[in-house]
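Novice: Below is input_22.cif; it holds mmCIF, C-alpha atoms.
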data_entry
#
loop_
_atom_site.group_PDB
_atom_site.id
_atom_site.type_symbol
_atom_site.label_atom_id
_atom_site.label_comp_id
_atom_site.auth_asym_id
_atom_site.auth_seq_id
_atom_site.Cartn_x
_atom_site.Cartn_y
_atom_site.Cartn_z
ATOM 1 C CA MET D 25 77.138 120.352 126.376
ATOM 2 C CA GLN D 26 80.756 120.303 125.220
ATOM 3 C CA ALA D 27 82.025 119.500 128.691
ATOM 4 C CA ALA D 28 79.312 116.879 129.129
ATOM 5 C CA ALA D 29 80.402 115.127 125.944
ATOM 6 C CA GLN D 30 84.030 115.074 127.046
ATOM 7 C CA ASN D 31 83.131 113.459 130.371
ATOM 8 C CA LEU D 32 81.348 110.493 128.798
ATOM 9 C CA ILE D 33 82.883 107.095 129.393
ATOM 10 C CA PHE D 34 83.349 104.843 126.392
ATOM 11 C CA SER D 35 84.804 101.437 125.783
ATOM 12 C CA ASN D 36 85.012 99.056 122.883
ATOM 13 C CA ILE D 37 83.906 96.037 124.924
ATOM 14 C CA GLU D 38 80.289 95.186 125.653
ATOM 15 C CA THR D 39 80.344 96.437 129.221
ATOM 16 C CA ILE D 40 81.663 99.312 131.272
ATOM 17 C CA PRO D 41 83.968 97.618 133.803
ATOM 18 C CA GLY D 42 82.843 98.275 137.362
ATOM 19 C CA MET D 43 79.395 99.557 136.367
ATOM 20 C CA THR D 44 76.066 98.027 135.483
ATOM 21 C CA ILE D 45 74.178 99.095 132.398
ATOM 22 C CA THR D 46 70.582 99.961 133.221
ATOM 23 C CA GLN D 47 69.251 101.330 129.969
ATOM 24 C CA SER D 48 70.109 101.241 126.293
ATOM 25 C CA LEU D 49 69.505 104.362 124.225
ATOM 26 C CA GLY D 50 70.278 103.056 120.769
ATOM 27 C CA VAL D 51 73.108 103.413 118.309
ATOM 28 C CA VAL D 52 74.921 106.723 118.137
ATOM 29 C CA SER D 53 77.398 107.718 115.474
ATOM 30 C CA GLY D 54 79.626 110.550 114.400
ATOM 31 C CA SER D 55 81.364 111.016 111.099
ATOM 32 C CA THR D 56 83.501 113.422 109.175
ATOM 33 C CA VAL D 57 84.758 113.576 105.602
ATOM 34 C CA ARG D 58 88.195 115.090 105.207
ATOM 35 C CA ALA D 59 90.330 115.832 102.219
ATOM 36 C CA LYS D 60 94.031 116.352 102.361
ATOM 37 C CA ASN D 61 95.234 119.727 101.170
ATOM 38 C CA VAL D 62 97.126 120.132 97.926
ATOM 39 C CA PHE D 63 100.497 120.824 99.564
ATOM 40 C CA LYS D 64 100.326 117.701 101.690
ATOM 41 C CA ASP D 65 99.259 115.795 98.577
ATOM 42 C CA ILE D 66 102.357 116.970 96.730
ATOM 43 C CA GLY D 67 104.525 116.026 99.694
ATOM 44 C CA ALA D 68 102.886 112.604 99.787
ATOM 45 C CA ALA D 69 103.437 112.140 96.050
ATOM 46 C CA PHE D 70 107.157 112.690 96.611
ATOM 47 C CA LYS D 71 107.194 110.326 99.580
ATOM 48 C CA ASN D 72 105.476 107.791 97.336
ATOM 49 C CA ILE D 73 108.664 107.452 95.291
ATOM 50 C CA ALA D 74 110.511 106.082 98.304
ATOM 51 C CA GLY D 75 107.632 104.286 99.991
ATOM 52 C CA GLY D 76 107.231 103.976 103.737
ATOM 53 C CA GLU D 77 105.185 106.015 106.144
ATOM 54 C CA ILE D 78 103.426 109.185 105.023
ATOM 55 C CA LYS D 79 103.334 111.165 108.268
ATOM 56 C CA ALA D 80 101.089 113.977 106.975
ATOM 57 C CA TYR D 81 98.311 111.493 106.245
ATOM 58 C CA THR D 82 98.745 109.624 109.516
ATOM 59 C CA GLU D 83 98.325 112.847 111.483
ATOM 60 C CA LEU D 84 95.419 114.075 109.406
ATOM 61 C CA LEU D 85 93.492 110.840 109.844
ATOM 62 C CA GLN D 86 94.177 110.777 113.557
ATOM 63 C CA GLU D 87 92.839 114.305 113.985
ATOM 64 C CA SER D 88 89.759 113.538 111.928
ATOM 65 C CA ARG D 89 89.104 110.340 113.833
ATOM 66 C CA ASN D 90 89.161 112.223 117.128
ATOM 67 C CA GLU D 91 86.677 114.665 115.628
ATOM 68 C CA ALA D 92 84.356 111.808 114.578
ATOM 69 C CA LEU D 93 84.649 110.286 118.044
ATOM 70 C CA PHE D 94 83.794 113.601 119.674
ATOM 71 C CA ARG D 95 80.717 113.976 117.470
ATOM 72 C CA MET D 96 79.583 110.513 118.485
ATOM 73 C CA LEU D 97 79.968 111.447 122.145
ATOM 74 C CA GLN D 98 77.987 114.654 121.578
ATOM 75 C CA ASP D 99 75.217 112.610 119.985
ATOM 76 C CA ALA D 100 75.234 110.296 122.996
ATOM 77 C CA SER D 101 75.113 113.093 125.533
ATOM 78 C CA ALA D 102 72.248 114.723 123.620
ATOM 79 C CA ARG D 103 70.294 111.517 124.225
ATOM 80 C CA GLY D 104 71.012 111.656 127.929
ATOM 81 C CA ALA D 105 73.499 108.808 128.013
ATOM 82 C CA ASN D 106 76.470 108.753 130.340
ATOM 83 C CA ALA D 107 78.444 106.048 128.563
ATOM 84 C CA VAL D 108 78.960 104.496 125.139
ATOM 85 C CA VAL D 109 79.814 100.817 124.769
ATOM 86 C CA ASN D 110 81.093 98.723 121.879
ATOM 87 C CA VAL D 111 82.611 101.647 120.023
ATOM 88 C CA ARG D 112 83.763 100.777 116.498
ATOM 89 C CA PHE D 113 85.674 102.763 113.914
ATOM 90 C CA ALA D 114 85.257 102.511 110.188
ATOM 91 C CA THR D 115 87.062 104.339 107.415
ATOM 92 C CA SER D 116 86.301 104.515 103.755
ATOM 93 C CA SER D 117 88.079 106.363 101.065
ATOM 94 C CA VAL D 118 85.690 108.490 99.029
ATOM 95 C CA ALA D 119 86.878 109.083 95.461
ATOM 96 C CA GLY D 120 88.947 112.177 94.873
ATOM 97 C CA GLY D 121 91.396 111.858 97.716
ATOM 98 C CA ALA D 122 88.906 112.324 100.543
ATOM 99 C CA ALA D 123 88.313 109.902 103.378
ATOM 100 C CA GLU D 124 85.274 109.368 105.532
ATOM 101 C CA LEU D 125 85.820 108.459 109.151
ATOM 102 C CA LEU D 126 82.984 107.005 111.156
ATOM 103 C CA ALA D 127 82.730 106.163 114.837
ATOM 104 C CA TYR D 128 79.694 104.371 116.219
ATOM 105 C CA GLY D 129 78.545 102.627 119.347
ATOM 106 C CA THR D 130 75.629 101.971 121.665
ATOM 107 C CA ALA D 131 74.682 104.774 124.027
ATOM 108 C CA VAL D 132 73.782 103.498 127.494
ATOM 109 C CA VAL D 133 72.997 104.658 130.991
ATOM 110 C CA ALA D 134 75.388 102.989 133.424
ATOM 111 C CA GLN D 135 75.528 103.129 137.193
ATOM 112 C CA MET W 14 131.026 130.880 69.754
ATOM 113 C CA ALA W 15 127.440 129.827 69.281
ATOM 114 C CA GLY W 16 128.643 126.542 67.839
ATOM 115 C CA GLU W 17 130.651 125.814 70.969
ATOM 116 C CA GLU W 18 127.790 126.538 73.324
ATOM 117 C CA GLU W 19 125.179 124.470 71.564
ATOM 118 C CA PRO W 20 126.408 120.966 72.577
ATOM 119 C CA PHE W 21 126.886 122.309 76.110
ATOM 120 C CA VAL W 22 123.242 123.500 76.308
ATOM 121 C CA GLY W 23 122.176 120.199 74.775
ATOM 122 C CA LEU W 24 124.034 118.320 77.473
ATOM 123 C CA ILE W 25 122.329 120.330 80.226
ATOM 124 C CA ILE W 26 118.911 119.676 78.729
ATOM 125 C CA ALA W 27 119.723 115.964 78.442
ATOM 126 C CA ALA W 28 120.863 115.927 82.075
ATOM 127 C CA ILE W 29 117.642 117.623 83.247
ATOM 128 C CA VAL W 30 115.499 115.234 81.231
ATOM 129 C CA ALA W 31 117.436 112.274 82.641
ATOM 130 C CA ALA W 32 117.064 113.605 86.185
ATOM 131 C CA CYS W 33 113.304 113.985 85.727
ATOM 132 C CA THR W 34 112.748 110.552 84.225
ATOM 133 C CA ILE W 35 115.367 108.135 85.554
ATOM 134 C CA GLY W 36 116.196 110.120 88.703
ATOM 135 C CA PRO W 37 113.041 109.304 90.696
ATOM 136 C CA TRP W 38 113.322 105.648 89.682
ATOM 137 C CA LEU W 39 116.917 105.453 90.883
ATOM 138 C CA LEU W 40 115.849 107.130 94.119
ATOM 139 C CA SER W 41 112.990 104.673 94.407
ATOM 140 C CA ILE W 42 115.270 101.653 93.906
ATOM 141 C CA PHE W 43 117.700 103.063 96.467
ATOM 142 C CA ALA W 44 114.901 103.676 98.969
ATOM 143 C CA THR W 45 113.460 100.194 98.485
ATOM 144 C CA MET W 46 116.839 98.525 98.976
ATOM 145 C CA VAL W 47 118.286 100.696 101.755
ATOM 146 C CA TYR W 48 115.792 103.021 103.447
ATOM 147 C CA GLN W 49 112.936 100.555 103.953
ATOM 148 C CA PRO W 50 115.051 97.664 105.344
ATOM 149 C CA ARG W 51 116.663 100.113 107.788
ATOM 150 C CA LYS W 52 113.253 101.242 109.051
ATOM 151 C CA LYS W 53 112.161 97.618 109.384
ATOM 152 C CA LYS W 54 115.272 96.804 111.384
ATOM 153 C CA VAL W 55 114.489 99.626 113.824
ATOM 154 C CA LEU W 56 110.940 98.321 114.125
ATOM 155 C CA LEU W 57 112.209 94.807 114.866
ATOM 156 C CA GLU W 58 114.398 96.188 117.649
ATOM 157 C CA ARG W 59 111.441 98.026 119.179
ATOM 158 C CA GLU W 60 109.319 94.887 118.909
ATOM 159 C CA SER W 61 111.864 92.699 120.640
ATOM 160 C CA ALA W 62 112.332 95.333 123.351
ATOM 161 C CA SER W 63 108.639 95.261 124.245
ATOM 162 C CA ALA W 64 108.342 91.476 123.776
ATOM 163 C CA VAL W 65 110.510 90.966 126.872
ATOM 164 C CA THR W 66 107.497 91.389 129.155
ATOM 165 C CA GLY W 67 105.157 89.428 126.884
ATOM 166 C CA ASP W 68 102.700 90.743 124.307
ATOM 167 C CA SER W 69 100.140 93.098 125.850
ATOM 168 C CA LEU W 70 97.685 92.934 122.943
ATOM 169 C CA THR W 71 94.781 90.473 122.884
ATOM 170 C CA ASN W 72 91.521 90.399 121.028
ATOM 171 C CA LEU W 73 89.585 88.656 123.784
ATOM 172 C CA SER W 74 86.509 90.518 124.987
ATOM 173 C CA LYS W 75 87.378 89.907 128.651
ATOM 174 C CA PRO W 76 90.741 89.986 130.406
ATOM 175 C CA PHE W 77 92.477 86.635 130.453
ATOM 176 C CA GLY W 78 91.754 84.546 133.551
ATOM 177 C CA GLY W 79 88.767 86.652 134.583
ATOM 178 C CA ARG W 80 90.864 89.261 136.358
ATOM 179 C CA GLU W 81 89.191 92.425 137.549
ATOM 180 C CA ILE W 82 89.608 95.684 135.675
ATOM 181 C CA ARG W 83 90.479 98.724 137.767
ATOM 182 C CA GLU W 84 90.784 101.312 135.052
ATOM 183 C CA PHE W 85 90.279 101.364 131.306
ATOM 184 C CA LYS W 86 90.585 103.619 128.290
ATOM 185 C CA VAL W 87 90.023 103.209 124.557
ATOM 186 C CA MET W 88 93.330 103.673 122.778
ATOM 187 C CA MET W 89 94.242 103.669 119.128
ATOM 188 C CA ALA W 90 97.265 103.889 116.893
ATOM 189 C CA SER W 91 97.441 104.236 113.160
ATOM 190 C CA VAL W 92 99.897 104.462 110.321
ATOM 191 C CA VAL W 93 99.694 105.253 106.609
ATOM 192 C CA MET W 94 102.226 103.240 104.619
ATOM 193 C CA SER W 95 102.874 103.465 100.944
ATOM 194 C CA PRO W 96 104.708 101.124 98.604
ATOM 195 C CA SER W 97 107.514 102.715 96.603
ATOM 196 C CA TRP W 98 107.284 103.242 92.840
ATOM 197 C CA VAL W 99 109.437 100.191 92.204
ATOM 198 C CA GLN W 100 107.251 98.031 94.435
ATOM 199 C CA MET W 101 104.097 99.334 92.741
ATOM 200 C CA TRP W 102 105.588 98.626 89.333
ATOM 201 C CA ILE W 103 106.601 95.097 90.307
ATOM 202 C CA GLY W 104 103.180 94.582 91.902
ATOM 203 C CA GLY W 105 101.431 95.785 88.759
ATOM 204 C CA PHE W 106 103.553 93.471 86.641
ATOM 205 C CA MET W 107 103.035 90.459 88.929
ATOM 206 C CA SER W 108 99.264 90.910 88.966
ATOM 207 C CA ILE W 109 99.258 89.868 85.297
ATOM 208 C CA PHE W 110 100.061 86.346 86.485
ATOM 209 C CA GLY W 111 98.067 86.491 89.696
ATOM 210 C CA GLY W 112 98.893 84.533 92.819
ATOM 211 C CA GLN W 113 100.596 86.037 95.808
ATOM 212 C CA ILE W 114 102.079 89.451 95.202
ATOM 213 C CA ASN W 115 104.947 89.403 97.609
ATOM 214 C CA VAL W 116 105.929 93.084 97.425
ATOM 215 C CA TYR W 117 102.471 94.230 98.535
ATOM 216 C CA THR W 118 102.262 91.533 101.213
ATOM 217 C CA LYS W 119 105.504 92.814 102.692
ATOM 218 C CA VAL W 120 104.440 96.463 102.758
ATOM 219 C CA ILE W 121 101.065 95.786 104.350
ATOM 220 C CA ASP W 122 102.559 93.392 106.865
ATOM 221 C CA TRP W 123 105.118 96.038 107.771
ATOM 222 C CA ALA W 124 102.402 98.673 108.221
ATOM 223 C CA ARG W 125 100.382 96.392 110.470
ATOM 224 C CA ARG W 126 103.375 95.532 112.635
ATOM 225 C CA GLU W 127 104.248 99.215 112.923
ATOM 226 C CA ALA W 128 100.693 100.148 113.988
ATOM 227 C CA LYS W 129 100.554 97.345 116.562
ATOM 228 C CA GLN W 130 103.947 98.319 117.942
ATOM 229 C CA ARG W 131 102.847 101.928 118.291
ATOM 230 C CA LEU W 132 99.809 100.851 120.268
ATOM 231 C CA ARG W 133 101.987 98.682 122.525
ATOM 232 C CA GLU W 134 104.297 101.619 123.219
ATOM 233 C CA LYS W 135 101.427 104.053 123.779
ATOM 234 C CA VAL W 136 99.737 101.654 126.209
ATOM 235 C CA ALA W 137 102.942 100.978 128.130
ATOM 236 C CA GLU W 138 103.692 104.695 128.332
ATOM 237 C CA ALA W 139 100.256 105.461 129.785
ATOM 238 C CA GLY W 140 100.831 102.781 132.431
ATOM 239 C CA PHE W 141 98.244 100.236 131.308
ATOM 240 C CA ASP W 142 98.849 96.513 131.665
ATOM 241 C CA SER W 143 97.188 95.095 128.613
ATOM 242 C CA VAL W 144 94.762 95.661 125.757
ATOM 243 C CA ILE W 145 91.565 93.690 125.223
ATOM 244 C CA ASN W 146 89.212 93.529 122.263
ATOM 245 C CA LEU W 147 91.785 94.634 119.737
ATOM 246 C CA ARG W 148 90.434 95.509 116.303
ATOM 247 C CA ILE W 149 92.377 96.099 113.107
ATOM 248 C CA GLU W 150 90.977 98.215 110.270
ATOM 249 C CA THR W 151 92.545 98.599 106.833
ATOM 250 C CA THR W 152 91.730 101.318 104.338
ATOM 251 C CA VAL W 153 93.183 102.047 100.935
ATOM 252 C CA MET W 154 93.741 105.739 100.435
ATOM 253 C CA SER W 155 93.606 107.063 96.912
ATOM 254 C CA ARG W 156 94.982 110.165 95.332
ATOM 255 C CA THR W 157 93.636 111.696 92.164
ATOM 256 C CA SER W 158 96.179 112.518 89.545
ATOM 257 C CA GLY W 159 95.508 113.150 85.894
ATOM 258 C CA GLY W 160 91.880 112.118 86.318
ATOM 259 C CA LYS W 161 92.894 108.673 87.572
ATOM 260 C CA ASP W 162 92.649 107.330 91.083
ATOM 261 C CA ARG W 163 96.003 106.045 92.194
ATOM 262 C CA THR W 164 96.814 104.238 95.370
ATOM 263 C CA SER W 165 98.915 106.455 97.553
ATOM 264 C CA GLY W 166 98.906 104.425 100.704
ATOM 265 C CA VAL W 167 97.265 101.970 103.004
ATOM 266 C CA GLU W 168 96.003 103.104 106.372
ATOM 267 C CA ILE W 169 96.076 100.628 109.228
ATOM 268 C CA LEU W 170 94.162 101.503 112.376
ATOM 269 C CA VAL W 171 94.598 99.409 115.506
ATOM 270 C CA TYR W 172 92.386 100.103 118.500
ATOM 271 C CA GLY W 173 91.254 98.430 121.683
ATOM 272 C CA THR W 174 90.462 98.925 125.343
ATOM 273 C CA ALA W 175 93.583 99.389 127.439
ATOM 274 C CA ILE W 176 93.144 98.074 130.981
ATOM 275 C CA LYS W 177 94.819 98.197 134.386
ATOM 276 C CA TYR W 178 94.424 95.266 136.730
#
Please go through the file and, once you have read it, give me the structure as structure tokens.

Specialist:
Amino acid sequence: MQAAAQNLIFSNIETIPGMTITQSLGVVSGSTVRAKNVFKDIGAAFKNIAGGEIKAYTELLQESRNEALFRMLQDASARGANAVVNVRFATSSVAGGAAELLAYGTAVVAQ
Amino acid sequence: MAGEEEPFVGLIIAAIVAACTIGPWLLSIFATMVYQPRKKKVLLERESASAVTGDSLTNLSKPFGGREIREFKVMMASVVMSPSWVQMWIGGFMSIFGGQINVYTKVIDWARREAKQRLREKVAEAGFDSVINLRIETTVMSRTSGGKDRTSGVEILVYGTAIKY
């Protein structure tokens, strides 16, 4: 199952280049809500004085986004899809310093 | 003896208080005037280095000129940028009058350029020719402090399908 999810093809355009889509299996999505830990928060508060990039947050969000993407792919492979098209990412900041990361797309069978 | 020490202790306390109150502001002013422009200059150099071969990013849904795609991969780059205290203070003050708030415009524009440049570099490093269907997402991140939600940064995510002809 894990390996199957990793082998899925996905793109954020409407087609899979070089393949034809034969069947649509509906919208699949994966999400995760992450909070930064207190130590990173303190570090960020200091970095806030100077402004500029906050690396701890950049990395954290990247990790979480990959997790959300992987969950979406798992959802797709559970439906028997071999590809996901039109993948979109959305992020919203939930109150209290937590962020929700969502990845969604249309699961398809492509040949 | 005690009389001699007292003004000395008072001075130390005054120095600590000053360091805790004015210190961060001085640091913030210094960072806004020196550190941020330096970072932006480096970014401009990177941008002009990769602009030599033409911009690889497009938000068209198909490759330009109907060329065939041999290989593709979804790629993304992101950055969390935060305005400095001074910029936030100026921004807060300027929002009384409304209109364009230049300090915020500059920070967000910088963040977006940085994210796009990172994607360009990532794509070039992986050997792809160009990016189609580029999307840009912006999120405001908040941090809770003293029961209030304060802006601690803006996250810019840039993603698209990297392609090889």

Novice: Out of D:Gln98, D:Thr44, D:Ser88, D:Thr82, which residue has the shortest atom-to-atom distance to chain W when counting all atoms listed in the file?

Specialist: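 Checking each candidate against chain W, we get D:Thr82 as the closest.
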
Novice: Quick one: apply the PyMOL selection byres ((chain W) within 7 of (chain D)) to the file and drop the selected residues here as a list in words.

Specialist: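 With the PyMOL selection byres ((chain W) within 7 of (chain D)) on this model, the match is Pro37, Leu40, Ser41, Ala44, Thr45, Gln49, Ser74, Ile82, Lys86, Val87, Ser91, Val92, Val93, Met94, Ser95, Pro96, Ser97, Trp98, Asn146, Thr152, Val153, Met154, Ser155, Arg156, Thr157, Ser165, Gly173 and Thr174 of chain W.
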
Novice: Using C-alpha atoms, can you export the residues from the last selection as a short mmCIF file (atom, residue, chain, number, x, y, z; two decimals), in the frame of the given file?

Specialist:
data_model
loop_
_atom_site.label_atom_id
_atom_site.label_comp_id
_atom_site.auth_asym_id
_atom_site.auth_seq_id
_atom_site.Cartn_x
_atom_site.Cartn_y
_atom_site.Cartn_z
CA PRO W 37 113.04 109.30 90.70
CA LEU W 40 115.85 107.13 94.12
CA SER W 41 112.99 104.67 94.41
CA ALA W 44 114.90 103.68 98.97
CA THR W 45 113.46 100.19 98.48
CA GLN W 49 112.94 100.56 103.95
CA SER W 74 86.51 90.52 124.99
CA ILE W 82 89.61 95.68 135.68
CA LYS W 86 90.58 103.62 128.29
CA VAL W 87 90.02 103.21 124.56
CA SER W 91 97.44 104.24 113.16
CA VAL W 92 99.90 104.46 110.32
CA VAL W 93 99.69 105.25 106.61
CA MET W 94 102.23 103.24 104.62
CA SER W 95 102.87 103.46 100.94
CA PRO W 96 104.71 101.12 98.60
CA SER W 97 107.51 102.72 96.60
CA TRP W 98 107.28 103.24 92.84
CA ASN W 146 89.21 93.53 122.26
CA THR W 152 91.73 101.32 104.34
CA VAL W 153 93.18 102.05 100.94
CA MET W 154 93.74 105.74 100.44
CA SER W 155 93.61 107.06 96.91
CA ARG W 156 94.98 110.16 95.33
CA THR W 157 93.64 111.70 92.16
CA SER W 165 98.92 106.46 97.55
CA GLY W 173 91.25 98.43 121.68
CA THR W 174 90.46 98.92 125.34
#

Novice: Give me the residues near W:Glu150 as JSON, numbers by chain, where near means some atom within 7 Å (using all atoms listed in the file) and where sequence neighbours in that chain fewer than 5 positions away do not count.

Specialist: {"W": [169, 170, 171]}

Novice: Step by step, work through what the PyMOL selection byres ((chain W and resi 144) around 7) selects in the shown file, and finish by giving those residues as a VMD selection string.

Specialist: chain W and resid 69 to 71 143 145 to 147 173 to 176

Novice: Can you list what the PyMOL selection byres ((chain D and resi 99) around 9) grabs from this structure, as a PyMOL selection string?

Specialist: chain D and resi 29+52-54+94-98+100-103+131

Novice: To one decimal in Å, tell me the separation between atom CA of D:Asn31 and atom CA of W:Gly140.

Specialist: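 Atom CA of W:Gly140 lies 20.8 Å from atom CA of D:Asn31.
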
Novice: Just need the box for stretch 82-98 of chain W, edges along x, y and z, holding every atom the file lists for it with 3 Å tacked onto each side, so centre and edge lengths in Å to one decimal, as lines of an AutoDock Vina configuration file.

Specialist:
center_x = 98.6
center_y = 100.5
center_z = 115.3
size_x = 23.9
size_y = 15.6
size_z = 50.9

Novice: One decimal, Å: what's the distance from atom CA of W:Ile149 over to atom CA of W:Tyr172, could you say?

Specialist: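 Between these atoms lies a distance of 6.7 Å.
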
Novice: To one decimal place, how far is atom CA of D:Val109 from atom CA of D:Gln135 in Å?

Specialist: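 Separation of atom CA of D:Val109 and atom CA of D:Gln135: 13.3 Å.
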
Novice: Would you list the residues near (103.5, 94.2, 118.4) (no more than 9 Å away, in the coordinates of the file, using all atoms listed in the file) as a VMD selection string?

Specialist: chain W and resid 59 to 61 63 to 64 68 to 70 125 to 134

Novice: Could you check which of D:Val51, D:Gly104, D:Gln30, D:Met43 is closest to D:Asn90, using all atoms listed in the file?

Specialist: D:Gln30

Novice: May I ask which of the residues D:Ala92, D:Thr46, D:Leu84, D:Val132 is the closest one to D:Leu32, counting all atoms listed in the file?

Specialist: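 Nearest candidate to D:Leu32 out of D:Ala92, D:Thr46, D:Leu84, D:Val132: D:Val132.
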
Novice: Counting all atoms listed in the file, figure out which residue out of D:Val57, D:Ile66, D:Ala105, D:Leu49 gets nearest to D:Leu126.

Specialist: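 Result for the nearest residue to D:Leu126: D:Val57.
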